[in-house]
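The file query_3.txt contains compact mmCIF, C-alpha atoms and all ligand atoms:
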# COMPACT_ATOMS: atom_id res chain seq x y z
CA MET A 529 0.00 0.00 0.00
CA LYS A 530 1.23 3.50 -0.89
CA ILE A 531 0.50 6.37 1.47
CA LEU A 532 1.23 10.02 0.72
CA VAL A 533 1.85 12.13 3.82
CA VAL A 534 1.04 15.81 3.26
CA GLY A 535 3.17 18.26 5.23
CA ASN A 536 6.86 18.32 6.11
CA GLY A 537 7.26 19.17 9.80
CA GLY A 538 7.89 17.16 12.95
CA ARG A 539 4.34 15.86 13.09
CA GLU A 540 4.61 14.58 9.53
CA HIS A 541 7.99 12.95 10.19
CA ALA A 542 6.38 11.09 13.10
CA MET A 543 3.39 10.11 10.93
CA ALA A 544 5.65 8.91 8.11
CA TRP A 545 7.86 6.96 10.53
CA ARG A 546 4.91 5.23 12.16
CA LEU A 547 3.23 4.50 8.81
CA ALA A 548 6.47 3.09 7.39
CA GLY A 549 6.39 0.61 10.29
CA SER A 550 3.07 -0.83 9.11
CA PRO A 551 3.56 -4.05 7.13
CA GLY A 552 3.63 -3.60 3.36
CA VAL A 553 3.39 0.20 3.44
CA GLU A 554 5.45 2.52 1.23
CA VAL A 555 5.40 6.16 2.30
CA LEU A 556 5.70 9.23 0.10
CA ILE A 557 5.86 12.74 1.53
CA THR A 558 5.38 16.22 0.10
CA ARG A 559 8.91 17.66 -0.03
CA GLY A 560 9.89 16.11 3.33
CA ASN A 561 12.70 17.47 5.47
CA GLY A 562 16.27 16.57 6.41
CA GLY A 563 15.15 13.49 8.34
CA THR A 564 12.28 11.99 6.38
CA ASP A 565 14.46 10.23 3.76
CA ASP A 566 14.91 7.30 6.15
CA VAL A 567 11.21 6.46 6.07
CA ALA A 568 9.63 8.18 3.07
CA ARG A 569 10.29 9.17 -0.55
CA ALA A 570 9.98 12.91 -1.07
CA ILE A 571 7.97 14.18 -4.02
CA ASP A 572 8.24 17.77 -5.17
CA VAL A 573 4.84 19.24 -4.46
CA ALA A 574 3.99 21.89 -1.86
CA PRO A 575 1.77 20.64 1.01
CA THR A 576 -0.57 23.60 0.46
CA ASP A 577 -0.99 23.01 -3.28
CA VAL A 578 -4.41 21.31 -3.38
CA ALA A 579 -4.44 20.63 -7.14
CA GLY A 580 -0.78 19.59 -7.09
CA VAL A 581 -1.30 17.08 -4.26
CA ALA A 582 -4.34 15.62 -6.04
CA THR A 583 -2.35 15.24 -9.27
CA ALA A 584 0.60 13.67 -7.42
CA ALA A 585 -1.73 11.24 -5.65
CA ARG A 586 -3.02 10.07 -9.03
CA THR A 587 0.37 10.01 -10.75
CA HIS A 588 1.91 7.92 -7.97
CA ALA A 589 -1.24 5.78 -7.63
CA VAL A 590 -1.38 6.24 -3.86
CA ASP A 591 -3.93 4.29 -1.85
CA LEU A 592 -4.32 6.93 0.86
CA VAL A 593 -3.42 10.56 1.43
CA ALA A 594 -2.74 11.33 5.11
CA VAL A 595 -2.89 15.07 5.75
CA GLY A 596 -0.83 16.66 8.53
CA PRO A 597 -1.45 20.44 8.53
CA GLU A 598 -4.69 22.40 8.72
CA VAL A 599 -4.09 24.82 5.83
CA PRO A 600 -4.69 22.33 2.97
CA LEU A 601 -7.67 20.83 4.84
CA ALA A 602 -9.23 24.28 5.27
CA ALA A 603 -8.57 24.88 1.57
CA GLY A 604 -10.57 21.79 0.59
CA LEU A 605 -7.88 19.17 -0.08
CA ALA A 606 -9.99 16.31 1.30
CA ASP A 607 -13.02 17.37 -0.78
CA ARG A 608 -10.86 17.43 -3.90
CA LEU A 609 -9.35 13.98 -3.24
CA ILE A 610 -12.75 12.46 -2.46
CA ALA A 611 -14.11 13.92 -5.71
CA ASP A 612 -11.17 12.30 -7.51
CA GLY A 613 -11.92 8.94 -5.88
CA ILE A 614 -8.79 8.97 -3.68
CA ARG A 615 -8.97 7.89 -0.04
CA VAL A 616 -8.02 10.62 2.40
CA PHE A 617 -7.31 10.79 6.11
CA GLY A 618 -8.41 14.27 7.13
CA PRO A 619 -11.73 16.13 7.18
CA VAL A 620 -13.53 17.95 4.39
CA GLN A 621 -13.46 21.74 4.29
CA ALA A 622 -16.84 22.16 6.02
CA ALA A 623 -15.60 20.08 8.98
CA ALA A 624 -12.16 21.74 9.03
CA ARG A 625 -13.99 25.01 9.79
CA LEU A 626 -14.03 23.82 13.42
CA GLU A 627 -10.38 24.93 13.40
CA ALA A 628 -10.43 27.47 10.58
CA SER A 629 -13.12 29.64 12.21
CA LYS A 630 -13.23 30.09 15.96
CA ALA A 631 -16.63 31.79 15.62
CA PHE A 632 -17.96 28.68 13.82
CA ALA A 633 -16.46 26.42 16.52
CA HIS A 634 -18.30 28.44 19.18
CA GLU A 635 -21.53 28.24 17.16
CA VAL A 636 -21.23 24.44 16.99
CA MET A 637 -20.28 24.17 20.68
CA ALA A 638 -23.26 26.32 21.68
CA ALA A 639 -25.62 24.16 19.60
CA ALA A 640 -24.07 21.00 21.06
CA GLY A 641 -23.94 22.21 24.68
CA VAL A 642 -20.18 21.67 24.85
CA PRO A 643 -18.51 23.32 27.87
CA CYS A 644 -16.24 26.20 26.80
CA ALA A 645 -15.41 29.81 27.62
CA ARG A 646 -18.17 32.42 27.19
CA SER A 647 -17.47 34.18 23.93
CA TRP A 648 -18.45 37.16 21.80
CA SER A 649 -17.81 37.38 18.05
CA PHE A 650 -17.24 40.70 16.30
CA ASP A 651 -16.77 41.63 12.69
CA ASP A 652 -17.03 45.32 13.52
CA ALA A 653 -13.92 46.83 15.16
CA THR A 654 -15.82 49.60 16.97
CA ALA A 655 -18.11 47.09 18.66
CA ALA A 656 -15.16 44.87 19.62
CA LEU A 657 -13.24 47.81 21.12
CA ARG A 658 -16.34 48.98 23.01
CA HIS A 659 -16.71 45.49 24.52
CA LEU A 660 -13.02 45.36 25.47
CA GLU A 661 -13.18 48.83 27.12
CA SER A 662 -15.30 47.50 29.94
CA CYS A 663 -15.01 43.67 30.09
CA PRO A 664 -13.35 41.94 33.06
CA LEU A 665 -9.60 41.22 32.82
CA PRO A 666 -7.73 39.11 31.91
CA VAL A 667 -9.49 38.57 28.61
CA VAL A 668 -8.59 36.52 25.56
CA VAL A 669 -8.67 38.06 22.07
CA LYS A 670 -8.62 35.60 19.18
CA ALA A 671 -8.45 36.08 15.45
CA ASP A 672 -11.24 34.01 13.94
CA GLY A 673 -9.18 32.40 11.18
CA LEU A 674 -5.98 30.39 10.80
CA ALA A 675 -2.98 32.31 12.09
CA ALA A 676 -0.25 29.69 12.70
CA GLY A 677 -0.27 30.30 16.46
CA LYS A 678 -0.15 34.11 16.16
CA GLY A 679 -3.87 34.70 16.50
CA VAL A 680 -4.41 34.44 20.27
CA VAL A 681 -3.59 37.12 22.83
CA VAL A 682 -4.21 36.51 26.53
CA ALA A 683 -4.39 40.10 27.76
CA THR A 684 -3.94 40.95 31.43
CA ARG A 685 -4.07 44.71 30.76
CA ARG A 686 -6.78 46.62 28.92
CA ASP A 687 -4.34 48.36 26.57
CA GLU A 688 -3.02 44.94 25.47
CA ALA A 689 -6.53 43.71 24.72
CA LEU A 690 -7.39 46.84 22.75
CA ALA A 691 -4.07 46.73 20.88
CA ALA A 692 -4.69 43.08 19.91
CA ALA A 693 -8.15 43.83 18.54
CA ARG A 694 -6.80 46.83 16.64
CA ALA A 695 -3.88 44.82 15.23
CA PHE A 696 -6.22 42.09 13.99
CA MET A 697 -9.21 44.15 12.84
CA VAL A 698 -7.89 47.59 11.89
CA GLU A 699 -4.20 47.16 11.08
CA ASP A 700 -4.88 43.84 9.34
CA HIS A 701 -1.78 42.09 10.77
CA LEU A 702 -3.21 38.67 9.89
CA GLY A 703 -5.14 39.66 6.78
CA ALA A 704 -8.55 38.06 6.36
CA ALA A 705 -7.91 35.70 9.32
CA GLY A 706 -8.21 38.61 11.77
CA ARG A 707 -11.14 40.57 10.35
CA THR A 708 -13.50 38.70 12.62
CA VAL A 709 -12.43 38.49 16.26
CA VAL A 710 -13.66 36.24 19.02
CA VAL A 711 -13.35 37.55 22.56
CA GLU A 712 -13.35 34.90 25.27
CA GLU A 713 -13.53 35.04 29.03
CA PHE A 714 -10.24 33.98 30.60
CA LEU A 715 -10.20 30.45 32.00
CA ALA A 716 -7.71 29.53 34.71
CA GLY A 717 -6.49 25.96 35.08
CA GLN A 718 -4.27 23.30 33.59
CA GLU A 719 -4.18 22.44 29.89
CA ALA A 720 -4.27 19.12 28.09
CA SER A 721 -4.57 18.02 24.48
CA PHE A 722 -7.07 15.31 23.68
CA MET A 723 -7.07 13.81 20.20
CA VAL A 724 -9.38 11.20 18.76
CA MET A 725 -9.48 9.43 15.43
CA THR A 726 -13.00 9.42 14.07
CA ASP A 727 -14.85 8.44 10.92
CA GLY A 728 -17.72 10.67 12.01
CA GLU A 729 -19.52 7.84 13.75
CA HIS A 730 -16.93 5.70 15.50
CA VAL A 731 -14.40 7.31 17.79
CA VAL A 732 -11.01 5.93 18.85
CA PRO A 733 -9.40 8.07 21.56
CA LEU A 734 -5.64 8.58 21.36
CA ALA A 735 -3.42 8.90 24.41
CA GLY A 736 -3.71 12.25 26.18
CA ALA A 737 -0.89 14.75 25.91
CA ARG A 738 0.29 18.16 27.01
CA ASP A 739 2.15 20.66 24.94
CA HIS A 740 4.31 23.52 26.22
CA LYS A 741 3.58 26.55 24.05
CA ARG A 742 5.64 29.19 25.82
CA ILE A 743 9.26 29.69 24.81
CA PHE A 744 10.85 29.73 28.29
CA ASP A 745 10.97 27.35 31.27
CA GLY A 746 8.12 27.70 33.71
CA ASP A 747 5.70 28.54 30.87
CA ARG A 748 7.03 32.08 30.54
CA GLY A 749 7.63 34.27 27.49
CA PRO A 750 5.82 34.46 24.17
CA ASN A 751 3.73 31.66 22.70
CA THR A 752 5.38 29.48 20.09
CA GLY A 753 4.20 26.65 17.87
CA GLY A 754 5.16 24.35 20.77
CA MET A 755 8.47 23.84 22.61
CA GLY A 756 7.79 20.26 23.65
CA ALA A 757 5.13 17.81 24.66
CA TYR A 758 4.60 14.73 26.73
CA SER A 759 2.14 11.85 26.86
CA PRO A 760 0.19 10.68 28.81
CA THR A 761 -1.11 13.41 31.10
CA PRO A 762 -2.56 12.63 34.54
CA LEU A 763 -5.37 15.10 33.72
CA LEU A 764 -6.84 12.62 31.22
CA ASP A 765 -7.21 9.44 33.23
CA ASP A 766 -9.67 6.83 31.91
CA ALA A 767 -12.70 8.25 33.72
CA THR A 768 -11.98 11.83 32.64
CA ARG A 769 -11.30 10.70 29.08
CA ASP A 770 -14.70 9.00 28.97
CA ALA A 771 -16.34 12.10 30.44
CA VAL A 772 -14.72 14.31 27.78
CA LEU A 773 -15.77 11.88 25.04
CA ALA A 774 -19.35 12.19 26.30
CA SER A 775 -19.40 15.94 26.99
CA VAL A 776 -17.22 17.27 24.15
CA ILE A 777 -16.34 14.88 21.34
CA ARG A 778 -19.63 13.03 20.81
CA PRO A 779 -21.89 16.11 20.96
CA THR A 780 -19.59 18.03 18.61
CA LEU A 781 -19.58 15.22 16.02
CA ASP A 782 -23.36 14.88 16.38
CA ALA A 783 -23.90 18.64 15.96
CA LEU A 784 -21.80 18.57 12.78
CA ALA A 785 -23.68 15.51 11.53
CA ARG A 786 -27.00 17.36 12.06
CA ARG A 787 -25.65 20.04 9.70
CA GLY A 788 -24.82 17.32 7.18
CA ILE A 789 -21.08 17.58 7.84
CA PRO A 790 -19.15 14.33 8.35
CA PHE A 791 -15.86 14.58 10.29
CA ARG A 792 -13.23 12.05 9.28
CA GLY A 793 -9.71 12.28 10.59
CA VAL A 794 -8.30 13.58 13.86
CA LEU A 795 -10.44 15.80 16.03
CA TYR A 796 -8.22 17.57 18.56
CA ALA A 797 -9.69 19.30 21.58
CA GLY A 798 -7.44 21.71 23.46
CA LEU A 799 -8.83 21.59 26.99
CA MET A 800 -8.50 23.75 30.09
CA PHE A 801 -9.16 21.84 33.30
CA THR A 802 -10.80 24.52 35.42
CA ALA A 803 -12.22 24.33 38.94
CA ASP A 804 -15.57 23.69 37.23
CA GLY A 805 -14.26 20.87 35.04
CA PRO A 806 -12.80 20.65 31.54
CA ARG A 807 -13.58 23.45 29.04
CA VAL A 808 -12.69 23.51 25.34
CA LEU A 809 -10.11 26.19 24.40
CA GLU A 810 -9.88 25.25 20.75
CA PHE A 811 -10.55 22.55 18.22
CA ASN A 812 -8.02 21.46 15.65
CA CYS A 813 -8.94 19.34 12.67
CA ARG A 814 -5.66 17.36 12.62
CA PHE A 815 -2.90 15.89 14.74
CA GLY A 816 -1.26 18.39 17.12
CA ASP A 817 2.35 19.38 16.65
CA PRO A 818 4.40 18.50 18.74
CA GLU A 819 1.93 16.29 20.69
CA THR A 820 1.87 13.79 17.82
CA GLN A 821 5.54 12.97 18.30
CA PRO A 822 5.18 11.45 21.83
CA VAL A 823 1.66 10.12 21.13
CA LEU A 824 2.63 8.22 17.96
CA TYR A 825 5.87 7.13 19.62
CA ARG A 826 3.70 5.29 22.17
CA LEU A 827 1.20 3.96 19.62
CA ARG A 828 0.90 0.20 19.30
CA GLY A 829 -1.13 -1.18 16.43
CA ASP A 830 -1.31 -0.53 12.74
CA LEU A 831 -1.61 3.20 12.01
CA ALA A 832 -1.96 2.67 8.25
CA GLU A 833 -4.85 0.26 8.73
CA ALA A 834 -6.50 2.66 11.18
CA MET A 835 -6.22 5.59 8.76
CA VAL A 836 -7.64 3.58 5.86
CA ALA A 837 -10.47 2.31 8.06
CA CYS A 838 -11.16 5.89 9.11
CA ALA A 839 -11.28 7.06 5.49
CA GLU A 840 -13.70 4.23 4.68
CA GLY A 841 -15.98 4.77 7.69
CA ARG A 842 -15.21 1.48 9.44
CA LEU A 843 -13.03 2.60 12.31
CA ASP A 844 -14.91 0.34 14.74
CA ARG A 845 -12.87 -2.66 13.65
CA VAL A 846 -9.39 -1.27 14.30
CA PRO A 847 -7.63 -1.93 17.60
CA LEU A 848 -5.15 0.75 18.61
CA ALA A 849 -3.33 0.69 21.92
CA PHE A 850 -0.62 2.70 23.62
CA ASP A 851 2.58 1.67 25.33
CA PRO A 852 1.85 2.36 29.02
CA ARG A 853 5.30 3.94 29.36
CA PRO A 854 5.40 7.73 29.00
CA ALA A 855 7.12 9.63 26.20
CA VAL A 856 8.62 13.10 26.21
CA CYS A 857 9.43 15.27 23.18
CA VAL A 858 11.84 18.19 23.59
CA VAL A 859 11.84 20.68 20.73
CA LEU A 860 15.21 22.10 19.73
CA ALA A 861 14.42 25.51 18.26
CA ALA A 862 16.45 27.88 16.13
CA GLY A 863 18.07 31.00 17.54
CA GLY A 864 15.69 33.94 17.25
CA TYR A 865 12.59 31.72 17.37
CA PRO A 866 9.69 32.57 17.50
CA GLU A 867 10.11 36.14 16.13
CA SER A 868 12.81 35.65 13.50
CA PRO A 869 14.46 32.23 13.46
CA ARG A 870 17.93 31.90 11.96
CA THR A 871 18.31 29.30 9.23
CA GLY A 872 21.12 27.60 7.34
CA ASP A 873 23.14 26.51 10.40
CA ALA A 874 24.81 23.08 10.26
CA ILE A 875 23.44 20.56 12.77
CA MET A 876 25.99 18.34 14.53
CA GLY A 877 25.57 15.25 16.66
CA LEU A 878 22.53 13.63 15.02
CA GLU A 879 24.31 10.26 14.68
CA ALA A 880 25.29 10.21 18.37
CA ALA A 881 21.70 11.03 19.37
CA ALA A 882 20.37 8.28 17.08
CA ARG A 883 22.46 5.66 18.91
CA LEU A 884 20.73 6.25 22.26
CA PRO A 885 18.14 3.66 23.36
CA GLU A 886 14.40 4.25 23.06
CA THR A 887 14.98 7.66 21.56
CA ARG A 888 14.03 9.09 18.19
CA VAL A 889 14.87 12.47 16.74
CA PHE A 890 12.03 13.72 14.56
CA HIS A 891 13.06 16.43 12.13
CA ALA A 892 10.97 19.55 11.52
CA GLY A 893 12.76 22.65 10.20
CA THR A 894 15.74 20.85 8.67
CA ARG A 895 17.12 20.34 5.18
CA ARG A 896 19.72 17.92 3.86
CA GLN A 897 22.22 19.57 1.54
CA ALA A 898 23.76 17.89 -1.50
CA ASP A 899 26.94 17.13 0.52
CA GLY A 900 24.85 15.29 3.14
CA THR A 901 25.09 18.01 5.82
CA VAL A 902 21.81 18.67 7.61
CA VAL A 903 21.11 22.35 8.21
CA THR A 904 18.38 24.29 9.99
CA SER A 905 15.55 25.62 7.82
CA GLY A 906 12.80 26.70 10.23
CA GLY A 907 11.92 27.77 13.77
CA ARG A 908 11.26 24.39 15.32
CA VAL A 909 14.22 22.36 14.13
CA LEU A 910 14.05 18.94 15.83
CA GLY A 911 11.72 17.07 18.20
CA VAL A 912 13.87 14.80 20.38
CA THR A 913 11.50 12.10 21.61
CA ALA A 914 12.19 9.35 24.13
CA THR A 915 10.37 6.88 26.28
CA GLY A 916 11.25 5.27 29.59
CA ALA A 917 9.93 3.29 32.52
CA ASP A 918 8.67 6.54 34.04
CA PHE A 919 8.68 10.24 33.22
CA ALA A 920 12.04 10.77 34.92
CA GLN A 921 13.71 8.20 32.66
CA ALA A 922 11.94 9.36 29.47
CA ARG A 923 12.98 12.93 30.25
CA ALA A 924 16.56 11.95 31.09
CA ARG A 925 16.87 10.10 27.77
CA ALA A 926 15.36 12.95 25.73
CA TYR A 927 17.69 15.49 27.35
CA GLU A 928 20.71 13.22 26.93
CA ALA A 929 19.94 13.07 23.20
CA ALA A 930 19.32 16.83 23.09
CA ARG A 931 22.76 17.42 24.62
CA CYS A 932 24.38 15.37 21.82
CA ILE A 933 23.04 17.83 19.25
CA ARG A 934 24.48 21.24 18.50
CA PHE A 935 23.78 24.06 16.11
CA GLU A 936 24.37 27.81 16.27
CA GLY A 937 21.75 29.56 18.40
CA MET A 938 20.02 26.31 19.49
CA GLN A 939 17.50 26.85 22.27
CA PHE A 940 15.29 24.46 24.17
CA ARG A 941 13.32 24.30 27.40
CA SER A 942 14.78 22.26 30.24
CA ASP A 943 11.47 21.48 31.97
CA ILE A 944 9.40 19.50 29.43
CA GLY A 945 7.43 16.93 31.40
CA ALA A 946 9.02 18.02 34.68
CA SER A 947 5.71 18.80 36.36
CA VAL A 948 4.45 15.20 36.05
CA GLY A 949 7.16 13.55 38.12
P1 LIG A 1001 -5.81 28.43 21.22
O1 LIG A 1001 -4.96 28.45 19.98
O2 LIG A 1001 -7.19 28.93 21.04
O3 LIG A 1001 -5.73 27.10 21.94
O4 LIG A 1001 -5.05 29.41 22.24
C1 LIG A 1001 -3.65 29.33 22.47
C2 LIG A 1001 -3.36 29.33 23.95
O5 LIG A 1001 -3.95 30.48 24.56
C3 LIG A 1001 -3.97 28.14 24.68
O6 LIG A 1001 -3.15 27.02 24.64
C4 LIG A 1001 -4.11 28.71 26.08
O7 LIG A 1001 -2.88 28.65 26.78
C5 LIG A 1001 -4.46 30.16 25.84
N1 LIG A 1001 -5.93 30.36 25.84
C6 LIG A 1001 -6.76 30.28 24.79
N2 LIG A 1001 -8.04 30.53 25.17
C7 LIG A 1001 -8.01 30.80 26.50
C8 LIG A 1001 -9.00 31.14 27.47
N3 LIG A 1001 -10.29 31.30 27.14
N4 LIG A 1001 -8.59 31.31 28.74
C9 LIG A 1001 -7.29 31.17 29.08
N5 LIG A 1001 -6.30 30.88 28.21
C10 LIG A 1001 -6.65 30.68 26.93
N1 LIG A 1002 0.20 21.88 19.61
C1 LIG A 1002 -0.93 22.62 19.25
C2 LIG A 1002 -1.28 22.54 17.84
O1 LIG A 1002 -0.86 21.66 17.12
O2 LIG A 1002 -2.04 23.39 17.40

Mind turning the file's structure into structure tokens?
Ligand code: AMP
Ligand code: GLY
Amino acid sequence: MKILVVGNGGREHAMAWRLAGSPGVEVLITRGNGGTDDVARAIDVAPTDVAGVATAARTHAVDLVAVGPEVPLAAGLADRLIADGIRVFGPVQAAARLEASKAFAHEVMAAAGVPCARSWSFDDATAALRHLESCPLPVVVKADGLAAGKGVVVATRRDEALAAARAFMVEDHLGAAGRTVVVEEFLAGQEASFMVMTDGEHVVPLAGARDHKRIFDGDRGPNTGGMGAYSPTPLLDDATRDAVLASVIRPTLDALARRGIPFRGVLYAGLMFTADGPRVLEFNCRFGDPETQPVLYRLRGDLAEAMVACAEGRLDRVPLAFDPRPAVCVVLAAGGYPESPRTGDAIMGLEAAARLPETRVFHAGTRRQADGTVVTSGGRVLGVTATGADFAQARARAYEAARCIRFEGMQFRSDIGASVG
């Protein structure tokens, strides 16, 4: 079976690696990165090029297209592939709106009775600013559309909240993505990421995870795409997982189904565990990055078979399980990340890291040059992932591997997974 992975970051390297481990599977990947050659054949088409991916899927006679990032899904890649008779793992455009429009997500959650922050949507800047002049603080200002992690401001001061709304709505910092703004009440608590695979009807929960979005230790500094992640999280024990399936996942899928929208792929709920129970912070329509690295590292079972079953609407017959041992993924980021990451720096020590037990270095922003040197090519460069008997051992292994690796300006957090023991 041939599977085309769309995307070329750390999440997609983990997907390609896990798929390549399924019996009889050959993996292709859109462009790939400096590490994907080991597990997948790169083809020269941009992950965001909907028509190009559809053509490549036909030319290479792939049996399944597995989509990593949200942008092509929101642009209708799954719809296009389905129309062409090609199996796809990832939701159609109408379902991807759960991530691509925060106002739509709130509309669906309200109809479904899903617990979340109170919210107000504005497409008029004057009305948004008037609301923010007098609302309680802190307050959260979110661009409605896709903004690659730059669309959410948690404002503790009123001038910050007003500046965020102005930047999105008046100064057009995010273009069309920011012209509608969703204002949310601030929720205090602990975060967790809960992903399920679903064919719209059947739901297979994946292991819970936590990602660390802030750049510095102790969850300080600006938000990034994610500086590391671990799985499982004690917040999502079996009973809580079942409760979230019943209060969040099922009602959301049912509310979409009532609108005639099937959801096939990964539904990701970003949750805040508040004093009043779990509340949804966001939905994503795909695997989280970097949560996918530790979650797929722990996956036992046949991911290719599960994805095909999902695409065909028969997910009920696929057993997936998770290694009970925890996994930790430490992101090694480029100097200057997140504002202006440096690129083109040679990466040393990858071979030494690869020799360590129960450790895997997933590549993200890397590129292999003609002479074989691997250089940095993006903000999040590598996701060093390791497992162990307990969190302490998984963490020790991941950090040992991280210390083998060097490149100019390299930065990473030293506390990924430290709060769980
Ligand atoms: P989002 O992309 O919507 O998940 O937001 C990014 C981050 O902002 C989340 O991971 C939270 O840390 C924070 N956040 C988002 N919404 C809220 C909220 N209503 N209350 C508190 N923090 C929030
Ligand atoms: N780690 C959060 C995300 O993938 O959006």

### Task
Between A:Leu799, A:Leu764, A:Ala849, A:Leu702, single out the one closest to ligand LIG 1002 (chain A), counting only C-alpha atoms and all ligand atoms.
A:Leu799

### Query
Given a cut-off of 12 Å, what residues near ligand LIG 1002 (chain A) show up using all atoms listed in the file, put as number ranges by chain?
A: 537-540, 596-599, 627-628, 674-680, 719-723, 737-742, 751-758, 794-799, 809-823, 857, 859

I'd like the contact shell of Ala892 in chain A - 7 Å cut-off, all atoms listed in the file, skipping same-chain residues fewer than 2 positions apart - returned as a short mmCIF file (atom, residue, chain, number, x, y, z; two decimals) with C-alpha atoms, in the frame of the given file.
data_model
loop_
_atom_site.label_atom_id
_atom_site.label_comp_id
_atom_site.auth_asym_id
_atom_site.auth_seq_id
_atom_site.Cartn_x
_atom_site.Cartn_y
_atom_site.Cartn_z
CA ASN A 536 6.86 18.32 6.11
CA GLY A 537 7.26 19.17 9.80
CA GLY A 538 7.89 17.16 12.95
CA ASN A 561 12.70 17.47 5.47
CA PHE A 890 12.03 13.72 14.56
CA THR A 894 15.74 20.85 8.67
CA ARG A 908 11.26 24.39 15.32
CA VAL A 909 14.22 22.36 14.13
CA LEU A 910 14.05 18.94 15.83
#

#### Entry: Computed interatomic separation between atom C6 of ligand LIG 1001 (chain A) and CA of Trp648 in chain A (Å)
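Atom C6 of ligand LIG 1001 (chain A) sits 13.9 Å away from CA of Trp648 in chain A.
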
#### Entry: Given all atoms listed in the file as the counted atoms, nearest of A:Gly535, A:Cys644, A:Ala589, A:Met876 to Gly613 in chain A
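Comparing A:Gly535, A:Cys644, A:Ala589, A:Met876 against Gly613 in chain A, the winner is A:Ala589.
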
### Task
Could you tell me which of A:Ala544, A:Ala774, A:Ala624, A:Val636 comes closest to His891 in chain A if we count only C-alpha atoms?
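Among A:Ala544, A:Ala774, A:Ala624, A:Val636, it is A:Ala544 that comes nearest to His891 in chain A.
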
### Task
Could you pull out every residue with an atom within 10 Å of (-10.0, 11.7, 6.8), file coordinates, counting all atoms listed in the file, and send them as a PyMOL selection string?
chain A and resi 592-595+601+606-607+610+615-620+725-728+790-794+813-814+835-841

### Task
Record the distance separating CA of Arg685 in chain A and CA of Gly703 in chain A, expressed in Å with one decimal.
24.5 Å

### Spatial neighbours of range 666-668 of chain A, max dist 9 Å, only C-alpha atoms, sep filter under 5 positions, as a PyMOL selection string
chain A and resi 660+680-686+689+710-715

### Task
Record the distance separating CA of Pro750 in chain A and atom C4 of ligand LIG 1001 (chain A), expressed in Å with one decimal.
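If I compute the distance from CA of Pro750 in chain A to atom C4 of ligand LIG 1001 (chain A), I get 11.6 Å.
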
As JSON: centre and edge lengths in Å, one decimal, of the axis-aligned box holding ligand LIG 1001 (chain A) with 5 Å per side:
{"center_x": -6.6, "center_y": 29.2, "center_z": 24.5, "size_x": 17.4, "size_y": 14.3, "size_z": 19.1}
